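Raw contents of data-v8.pdb, PDB, C-alpha atoms:
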```
ATOM      1  CA  MET A   1     -35.045 -27.343 -36.697
ATOM      2  CA  GLY A   2     -32.787 -25.513 -34.250
ATOM      3  CA  ILE A   3     -30.349 -26.707 -31.683
ATOM      4  CA  GLU A   4     -30.638 -25.232 -28.207
ATOM      5  CA  LEU A   5     -27.315 -25.023 -26.384
ATOM      6  CA  PRO A   6     -27.134 -24.818 -22.595
ATOM      7  CA  ALA A   7     -26.068 -21.591 -20.918
ATOM      8  CA  VAL A   8     -22.592 -21.866 -19.421
ATOM      9  CA  GLY A   9     -20.136 -19.667 -17.559
ATOM     10  CA  PRO A  10     -20.376 -17.291 -14.624
ATOM     11  CA  GLY A  11     -23.794 -15.714 -14.325
ATOM     12  CA  ALA A  12     -25.452 -18.162 -16.710
ATOM     13  CA  ASN A  13     -29.030 -18.767 -15.692
ATOM     14  CA  THR A  14     -29.505 -22.506 -15.537
ATOM     15  CA  ASP A  15     -32.841 -22.435 -13.672
ATOM     16  CA  ASP A  16     -35.949 -23.136 -15.707
ATOM     17  CA  ASP A  17     -38.105 -20.253 -14.525
ATOM     18  CA  ASP A  18     -40.473 -20.186 -17.538
ATOM     19  CA  GLY A  19     -39.116 -16.773 -18.525
ATOM     20  CA  GLU A  20     -40.273 -15.168 -15.278
ATOM     21  CA  ASP A  21     -37.971 -12.243 -14.475
ATOM     22  CA  LEU A  22     -37.313 -11.353 -10.868
ATOM     23  CA  PRO A  23     -37.267  -7.680  -9.904
ATOM     24  CA  PRO A  24     -33.949  -6.085  -8.979
ATOM     25  CA  ALA A  25     -32.720  -6.617  -5.440
ATOM     26  CA  GLU A  26     -32.047  -3.744  -3.040
ATOM     27  CA  LEU A  27     -28.478  -3.682  -1.736
ATOM     28  CA  GLU A  28     -27.598  -1.609   1.315
ATOM     29  CA  TYR A  29     -23.827  -1.413   1.616
ATOM     30  CA  LEU A  30     -21.347  -0.158   4.192
ATOM     31  CA  SER A  31     -17.572   0.148   3.953
ATOM     32  CA  TYR A  32     -15.564  -1.886   6.440
ATOM     33  CA  GLN A  33     -13.184   1.075   6.712
ATOM     34  CA  SER A  34     -16.058   3.221   8.005
ATOM     35  CA  ILE A  35     -16.737   0.664  10.733
ATOM     36  CA  VAL A  36     -13.104   0.782  11.825
ATOM     37  CA  GLU A  37     -12.879   4.590  11.673
ATOM     38  CA  HIS A  38     -16.012   5.067  13.794
ATOM     39  CA  GLY A  39     -15.115   2.347  16.298
ATOM     40  CA  TRP A  40     -18.292   0.411  15.514
ATOM     41  CA  GLU A  41     -18.621  -3.358  15.905
ATOM     42  CA  ILE A  42     -19.497  -5.394  12.829
ATOM     43  CA  ASP A  43     -21.914  -7.560  14.842
ATOM     44  CA  ASP A  44     -23.889  -4.527  16.110
ATOM     45  CA  GLU A  45     -27.585  -4.952  15.225
ATOM     46  CA  ASN A  46     -27.868  -1.180  14.675
ATOM     47  CA  LEU A  47     -24.798  -0.908  12.458
ATOM     48  CA  PHE A  48     -26.665   0.259   9.344
ATOM     49  CA  ASP A  49     -28.805   2.687  11.352
ATOM     50  CA  LYS A  50     -25.597   4.204  12.734
ATOM     51  CA  ALA A  51     -24.174   4.465   9.226
ATOM     52  CA  ALA A  52     -27.319   6.200   7.953
ATOM     53  CA  ARG A  53     -27.117   8.776  10.761
ATOM     54  CA  ALA A  54     -23.367   9.347  10.227
ATOM     55  CA  ASN A  55     -23.898  11.082   6.858
ATOM     56  CA  LEU A  56     -21.229   8.997   5.150
ATOM     57  CA  ASP A  57     -20.339   9.639   1.517
ATOM     58  CA  ASP A  58     -22.087   7.477  -1.100
ATOM     59  CA  ASP A  59     -18.897   5.521  -1.716
ATOM     60  CA  ARG A  60     -18.956   4.372   1.951
ATOM     61  CA  TYR A  61     -22.663   3.828   2.645
ATOM     62  CA  GLY A  62     -25.808   3.738   0.581
ATOM     63  CA  ARG A  63     -28.471   1.762  -1.226
ATOM     64  CA  ILE A  64     -28.642   0.668  -4.835
ATOM     65  CA  GLU A  65     -30.840  -1.596  -6.924
ATOM     66  CA  ILE A  66     -28.968  -4.481  -8.499
ATOM     67  CA  ASP A  67     -29.886  -6.919 -11.235
ATOM     68  CA  ARG A  68     -30.137 -10.505 -10.116
ATOM     69  CA  ASP A  69     -28.078 -11.739 -13.056
ATOM     70  CA  GLU A  70     -25.094  -9.464 -12.309
ATOM     71  CA  THR A  71     -22.436 -10.070  -9.685
ATOM     72  CA  LEU A  72     -22.464  -7.751  -6.699
ATOM     73  CA  LEU A  73     -19.066  -6.372  -7.717
ATOM     74  CA  ARG A  74     -20.159  -5.607 -11.278
ATOM     75  CA  SER A  75     -23.381  -4.012 -10.022
ATOM     76  CA  ALA A  76     -21.423  -1.804  -7.610
ATOM     77  CA  GLU A  77     -19.116  -0.751 -10.442
ATOM     78  CA  GLU A  78     -22.117   0.095 -12.633
ATOM     79  CA  HIS A  79     -23.136   2.513  -9.868
ATOM     80  CA  ASP A  80     -19.622   4.055  -9.909
ATOM     81  CA  LEU A  81     -18.672   2.463  -6.580
ATOM     82  CA  LYS A  82     -15.062   1.415  -6.160
ATOM     83  CA  TRP A  83     -14.930  -1.875  -4.290
ATOM     84  CA  GLY A  84     -11.679  -3.771  -3.931
ATOM     85  CA  SER A  85     -11.067  -6.544  -6.431
ATOM     86  CA  GLN A  86      -8.243  -8.384  -8.098
ATOM     87  CA  CYS A  87      -8.826 -11.771  -9.714
ATOM     88  CA  ARG A  88     -12.588 -11.517 -10.472
ATOM     89  CA  SER A  89     -12.768 -15.309 -10.541
ATOM     90  CA  GLY A  90     -13.196 -16.346  -6.899
ATOM     91  CA  THR A  91      -9.552 -17.286  -6.349
ATOM     92  CA  CYS A  92      -8.489 -14.430  -4.052
ATOM     93  CA  ASN A  93     -10.317 -12.675  -1.237
ATOM     94  CA  VAL A  94      -9.667  -9.033  -2.132
ATOM     95  CA  CYS A  95     -13.370  -8.454  -2.952
ATOM     96  CA  ALA A  96     -14.599 -10.092   0.260
ATOM     97  CA  ALA A  97     -17.730  -8.783   1.930
ATOM     98  CA  VAL A  98     -19.697  -9.844   4.991
ATOM     99  CA  ILE A  99     -23.448 -10.405   4.724
ATOM    100  CA  LYS A 100     -25.418  -8.771   7.515
ATOM    101  CA  SER A 101     -28.855  -9.746   6.201
ATOM    102  CA  GLY A 102     -30.336 -11.329   3.111
ATOM    103  CA  GLU A 103     -29.066 -14.101   0.886
ATOM    104  CA  ILE A 104     -26.110 -14.075  -1.495
ATOM    105  CA  GLU A 105     -25.138 -17.047  -3.651
ATOM    106  CA  MET A 106     -21.576 -17.539  -4.918
ATOM    107  CA  ASP A 107     -20.985 -19.546  -8.072
ATOM    108  CA  MET A 108     -17.234 -19.893  -7.372
ATOM    109  CA  ASN A 109     -15.148 -19.819  -4.201
ATOM    110  CA  LEU A 110     -11.544 -20.910  -4.012
ATOM    111  CA  ALA A 111     -10.446 -18.348  -1.406
ATOM    112  CA  LEU A 112     -12.746 -18.494   1.627
ATOM    113  CA  THR A 113     -12.887 -21.301   4.152
ATOM    114  CA  ASP A 114     -16.148 -23.050   4.956
ATOM    115  CA  GLU A 115     -16.071 -21.385   8.382
ATOM    116  CA  GLN A 116     -15.704 -17.921   6.836
ATOM    117  CA  VAL A 117     -18.671 -18.593   4.545
ATOM    118  CA  GLU A 118     -20.715 -19.857   7.511
ATOM    119  CA  ASN A 119     -19.850 -16.579   9.284
ATOM    120  CA  GLY A 120     -21.220 -14.545   6.356
ATOM    121  CA  ALA A 121     -18.159 -13.908   4.175
ATOM    122  CA  ARG A 122     -18.757 -13.808   0.418
ATOM    123  CA  LEU A 123     -16.700 -12.969  -2.664
ATOM    124  CA  THR A 124     -18.519 -10.149  -4.453
ATOM    125  CA  CYS A 125     -16.900 -10.994  -7.797
ATOM    126  CA  THR A 126     -18.780 -14.314  -7.995
ATOM    127  CA  ALA A 127     -21.804 -13.521  -5.808
ATOM    128  CA  TYR A 128     -25.373 -12.885  -6.932
ATOM    129  CA  PRO A 129     -28.419 -11.662  -5.017
ATOM    130  CA  GLY A 130     -30.478 -14.499  -3.576
ATOM    131  CA  SER A 131     -33.093 -12.342  -1.837
ATOM    132  CA  ASP A 132     -34.979  -9.097  -2.398
ATOM    133  CA  ARG A 133     -33.003  -7.142   0.217
ATOM    134  CA  ILE A 134     -29.355  -7.495   1.180
ATOM    135  CA  ARG A 135     -27.192  -5.689   3.676
ATOM    136  CA  LEU A 136     -23.448  -6.168   3.452
ATOM    137  CA  VAL A 137     -20.148  -4.769   4.570
ATOM    138  CA  PHE A 138     -17.871  -4.426   1.552
ATOM    139  CA  ASN A 139     -14.079  -4.149   1.299
ATOM    140  CA  ALA A 140     -13.860  -6.516   4.251
ATOM    141  CA  PHE A 141     -10.548  -7.983   3.056
ATOM    142  CA  PRO A 142      -8.672  -6.887   6.221
ATOM    143  CA  LEU A 143     -11.299  -8.597   8.341
ATOM    144  CA  ILE A 144     -11.197 -11.790   6.287
ATOM    145  CA  ALA A 145      -7.397 -11.725   6.147
ATOM    146  CA  ASN A 146      -7.399 -11.625   9.953
ATOM    147  CA  ASP A 147      -9.591 -14.741   9.743
ATOM    148  CA  ASP A 148     -11.941 -13.433  12.402
ATOM    149  CA  PRO A 149     -15.225 -12.409  10.683
ATOM    150  CA  GLY A 150     -16.962 -11.686  13.996
ATOM    151  CA  ARG A 151     -14.823  -8.676  14.934
ATOM    152  CA  GLY A 152     -15.283  -5.083  13.837
ATOM    153  CA  ARG A 153     -11.785  -3.854  14.668
ATOM    154  CA  GLU A 154      -8.228  -4.866  14.078
ATOM    155  CA  PRO A 155      -6.885  -7.188  16.777
ATOM    156  CA  PRO A 156      -5.286  -5.412  19.743
ATOM    157  CA  ALA A 157      -1.496  -5.321  19.911
ATOM    158  CA  GLU A 158       0.022  -7.914  22.194
ATOM    159  CA  ASP A 159       2.021  -6.661  25.189
TER     160      ASP A 159
END
```

With the file now loaded, output its structure as structure tokens.
Amino acid sequence: MGIELPAVGPGANTDDDDGEDLPPAELEYLSYQSIVEHGWEIDDENLFDKAARANLDDDRYGRIEIDRDETLLRSAEEHDLKWGSQCRSGTCNVCAAVIKSGEIEMDMNLALTDEQVENGARLTCTAYPGSDRIRLVFNAFPLIANDDPGRGREPPAED
């Protein structure tokens, strides 16, 4: 006679999926800094095509497979990518990213407003893949800090 304890904590799988494992998700990532440096707009439908043609280094643009039970931040780190982070508990926005396509589920968020989340902002330290393919702009802290997730550049200086 054994006692079965529930899974708890970040990343604990609480869904009863009858042991069915989902395949890894494909994550296509792009650095927010690259968008700024190239003068691209974050809402451009061809943003990732432009990044692919720009021959950016792997730390700025690429594709990786990620486990569905790992956070996006941890998965990036396992692929030797250096994404901004600080608290790792959903209480700051240093690891903020913007979803361009796909689904990402956060299990904790104490830093982003509802409007930012509606506009695609996610905290990669507490976010997990929710779809087979995801495109996101990482290191988007400056964008989130400006509280204007629809822009691809820093706000113009006032006269």

Checklist entry - For Ala52 of chain A, which residue among A:Leu30, A:Gly84, A:Asp21, A:Arg74 is the nearest when counting all atoms listed in the file? => result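 Among A:Leu30, A:Gly84, A:Asp21, A:Arg74, it is A:Leu30 that comes nearest to Ala52 of chain A.
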
Checklist entry - In Å, how far is it from atom CA of Glu103 of chain A to atom CA of Arg133 of chain A? => result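 Atom CA of Glu103 of chain A sits 8.0 Å away from atom CA of Arg133 of chain A.
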
Checklist outcome for this item: The distance between atom CA of Glu78 of chain A and atom CA of Ser34 of chain A is 21.7 Å

Item to check | Atom-to-atom span, atom CA of Leu47 of chain A and atom CA of Ile64 of chain A, Å | outcome: 17.8 Å

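This file, queried with the PyMOL selection byres ((chain A and resi 40) around 12), gives the residues Leu30, Ser31, Tyr32, Gln33, Ser34, Ile35, Val36, Glu37, His38, Gly39, Glu41, Ile42, Asp43, Asp44, Glu45, Asn46, Leu47, Phe48, Asp49, Lys50, Ala51, Ala54, Arg151, Gly152, Arg153 and Glu154 of chain A.
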
Checklist entry - Applied to this file, what does the PyMOL selection byres ((chain A and resi 110) around 10) return in terms of residues, put as a list in words? => result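 With the PyMOL selection byres ((chain A and resi 110) around 10) on this model, the match is Ser89, Gly90, Thr91, Cys92, Asn93, Met108, Asn109, Ala111, Leu112, Thr113 and Leu123 of chain A.
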
Which neighbours of Pro23 of chain A fall inside 12 Å, counting all atoms listed in the file, when residues of the same chain fewer than 2 positions from it are skipped, and could you give them as a PDB file with C-alpha atoms, keeping the file's coordinate frame?
```
ATOM      1  CA  GLU A  20     -40.273 -15.168 -15.278  1.00  0.00           C
ATOM      2  CA  ASP A  21     -37.971 -12.243 -14.475  1.00  0.00           C
ATOM      3  CA  ALA A  25     -32.720  -6.617  -5.440  1.00  0.00           C
ATOM      4  CA  GLU A  26     -32.047  -3.744  -3.040  1.00  0.00           C
ATOM      5  CA  GLU A  65     -30.840  -1.596  -6.924  1.00  0.00           C
ATOM      6  CA  ILE A  66     -28.968  -4.481  -8.499  1.00  0.00           C
ATOM      7  CA  ASP A  67     -29.886  -6.919 -11.235  1.00  0.00           C
ATOM      8  CA  ARG A  68     -30.137 -10.505 -10.116  1.00  0.00           C
ATOM      9  CA  ASP A  69     -28.078 -11.739 -13.056  1.00  0.00           C
ATOM     10  CA  PRO A 129     -28.419 -11.662  -5.017  1.00  0.00           C
ATOM     11  CA  GLY A 130     -30.478 -14.499  -3.576  1.00  0.00           C
ATOM     12  CA  SER A 131     -33.093 -12.342  -1.837  1.00  0.00           C
ATOM     13  CA  ASP A 132     -34.979  -9.097  -2.398  1.00  0.00           C
ATOM     14  CA  ARG A 133     -33.003  -7.142   0.217  1.00  0.00           C
TER      15      ARG A 133
END
```

Checklist entry - Pick from A:Leu136, A:Leu143, A:Leu22, A:Cys95: nearest to Lys82 of chain A, with all atoms listed in the file counted? => result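 Of A:Leu136, A:Leu143, A:Leu22, A:Cys95, the one nearest Lys82 of chain A is A:Cys95, counting all atoms listed in the file.
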
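Distance check against Ala145 of chain A using only C-alpha atoms: of A:Cys125, A:Met106, A:Val94, A:Val117, the minimum falls on A:Val94.
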
Next on the checklist: Let me make sure I understand: among A:Glu118, A:Glu105, A:Asp58, A:Glu28, which one has the smallest atom-to-atom distance to Asp80 of chain A if we use all atoms listed in the file?
Outcome noted: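 Closest to Asp80 of chain A of all the choices is A:Asp58.
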
Checklist entry - Between A:Ser85, A:Glu77, A:Thr126, A:Val137, which is the closest to Val98 of chain A once you count all atoms listed in the file? => result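 Closest residue, counting all atoms listed in the file: A:Val137.
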